[in-house]
Amino acid sequence: MPEPVTNNEMRSGFLPDRIIHLHPTRLCNLACLHCYSESGPKEKAALEVELLLHALPLLKAEGYNVISISGGEPLVYAPLIPLIDEAHANGFRVNLITNGLFAAKRMDEVASRVDGIAISFDGLAPTHNRLRGRADAFERSSAALARLADSGRPVAAAISLTRDALPDLPDLADHLVGLGAKALQVRPVALAGRARTMQDLSSYTSTDQLRLYLIVLALQEELADQAAVHCDLAPARGLWQQRDAYAALLATCTRPGSAEEPERLLAELVNPLVITESGTLKPIAYDFNSCFDVASIGTLSRAQLTEYKQQRLTDLRMLIGGALAGLEGKDGLVDWFDYCTRLSEEQRGAALHKKQNAAAREAVSEPEAVATGSPLVRKAGNVV
Amino acid sequence: MPLTTKDLQKRLSKRLANYKISDGAIKELAERVMVDGMTITRFDVCIYGICLDYYTTKPPKLDGFYTRAGSGASRFQVFPYGIIDWDYWHVKAEFPVDELPGAGGFNR
């Protein structure tokens, strides 16, 4: 079996780190109207911690360096602390995103162990409480943020905004920075999970995205000496210019692990990697089309990942290549990972997927066929 | 009391958020922000307009501001870092903005 190649200098996609988004449970003390994972108090599914602990060394060896734990509400995951401790022992940095409603003792105990913690907000109190289905949610989340900040921990706010909540953003930013937030991560709500049933989201136009982006630029200057403000939306042209961030995935259509191309680390090819509460390893996002799944944590092994890289990575390569090619000459903003996820949904049709798989495997087994293969394969091969 | 830059930033963010700046103006402003090959690093507001600071590792093509920026910039400053950093350029572009007070007032 070929040894993975390590190249710490190479970027892996548009993220600064090589990240695992871990959703160990869908159990949550809230059932938010816009929850992309459709978590809630009745969702008892949770990942066996032994499976996770067993997988950590292999995932570290595959190049990942950060684990970001969400859910569900991660604080209700009983073995959370042993998981964090073992992740640290394996050399990971660990971040956590919580709704901030859990008891102070549990939160403080966990917060003292993680490298970064963020509390999620959806707007000012009326919007936040309506979406969360709880009258005191905003007050309690704010109190949790203030308590963590007062204890000297760097705490961030993860802000998801429906179109209706856009007017809340400047005052919300002031409120959160006033409480001690050192970073604000702003994004439009993803059209996934329960959010699909929210009528008002359908009117989030491209101009609304531009408006959100400009608000964030103004806030970055307004709050420059107090907090970092980041928006998940990015100019399509800027992403196109940085497309070589996907060089490892797209540079060649030869078979990974063959004599022409040594096997690459999974983190150079799939970033972020998502682990769901059911133990599925997925690329990019929780709701990424299951036909792109990487592996199951229950049977995770080096051999299985090698098989994925050699046989099934081509599907993701084609999708990302096509997505990048779609950015060329495109104006406006892109929510990149959401964009890729929606593209993956378009491949839900079984017949289409089967046809693409056949074409992709043909292209991979015969590199010279790329030049005359399908447009998507050509794009994937030529985009970098 | 005269307006500070921070006051203007706050006014701008709130006016943007409350839809008091039209969709047309939003599109025009966004065109100015997103220029090929340049990374925006500052977004300053004064009563007359908006100054954008870009950095680029390629010789800046300033016509990009005109071809996609509607009315265009009123002034450019280009600083080549040269011997300090051979392939590094700082571009400052100033744009008048009708909806700021010096050019028309917030209360229009």
# chains A, B, ... in the order shown; residues from 1 in each chain; ligands from 1

call {"tool": "select_by_dssp", "arguments": {"residues": "segment 183-317 of chain A", "states": "alpha helix (DSSP H)", "output": "PyMOL selection string"}}
result
chain A and resi 206-222+236-241+247-250+266-269+302-307+313-317

call {"tool": "interface_residues", "arguments": {"of": "chain B", "to": "chain A", "cutoff": "8 Å", "atoms": "only C-alpha atoms", "output": "number ranges by chain"}}
result
B: 6, 9-10, 12-14, 16-19, 23, 26-27, 30, 34, 36-37, 39, 42-44

call {"tool": "residues_around", "arguments": {"residues": "segment 91-97 of chain B", "least_positions_apart": "2", "cutoff": "6 Å", "atoms": "only C-alpha atoms", "output": "list in words"}}
result
Tyr48, Gly49, Ile50, Cys51, Leu52, Asp53, Tyr54, Ala73, Ser74, Arg75, Phe76, Gln77, Val78, Glu99 and Leu100 of chain B

call {"tool": "write_last_selection", "arguments": {"atoms": "C-alpha atoms", "output": "mmCIF file, in the first residue's frame"}}
result
data_model
loop_
_atom_site.group_PDB
_atom_site.id
_atom_site.type_symbol
_atom_site.label_atom_id
_atom_site.label_comp_id
_atom_site.auth_asym_id
_atom_site.auth_seq_id
_atom_site.Cartn_x
_atom_site.Cartn_y
_atom_site.Cartn_z
ATOM 1 C CA TYR B 48 -18.220 62.394 0.756
ATOM 2 C CA GLY B 49 -17.666 58.813 -0.146
ATOM 3 C CA ILE B 50 -15.915 55.540 0.385
ATOM 4 C CA CYS B 51 -12.201 54.788 0.157
ATOM 5 C CA LEU B 52 -11.173 51.251 -0.625
ATOM 6 C CA ASP B 53 -7.658 49.981 0.039
ATOM 7 C CA TYR B 54 -6.560 47.018 -2.002
ATOM 8 C CA ALA B 73 -13.414 56.339 -8.918
ATOM 9 C CA SER B 74 -12.654 59.972 -8.281
ATOM 10 C CA ARG B 75 -9.021 59.357 -7.318
ATOM 11 C CA PHE B 76 -6.446 56.567 -7.265
ATOM 12 C CA GLN B 77 -3.217 56.231 -5.332
ATOM 13 C CA VAL B 78 -0.881 53.387 -6.225
ATOM 14 C CA GLU B 99 -26.129 58.709 -0.377
ATOM 15 C CA LEU B 100 -23.517 60.006 2.053
#

call {"tool": "select_by_dssp", "arguments": {"residues": "segment 13-104 of chain A", "states": "strand (DSSP E)", "output": "MDAnalysis selection string"}}
result
chainID A and resid 19:22 66:69 93:98

call {"tool": "write_last_selection", "arguments": {"atoms": "C-alpha atoms", "output": "compact mmCIF listing (two decimals), in the first residue's frame"}}
result
# COMPACT_ATOMS: atom_id res chain seq x y z
CA ILE A 19 -11.01 20.61 9.57
CA ILE A 20 -13.31 17.86 10.74
CA HIS A 21 -16.86 19.03 11.43
CA LEU A 22 -18.09 16.56 14.02
CA VAL A 66 -8.82 20.84 13.82
CA ILE A 67 -12.04 19.27 15.10
CA SER A 68 -15.06 21.55 15.25
CA ILE A 69 -17.81 19.99 17.35
CA ARG A 93 -7.16 21.63 18.17
CA VAL A 94 -10.78 21.47 19.30
CA ASN A 95 -13.47 24.10 18.77
CA LEU A 96 -17.07 23.91 19.88
CA ILE A 97 -20.28 25.61 18.78
CA THR A 98 -23.11 25.69 21.31
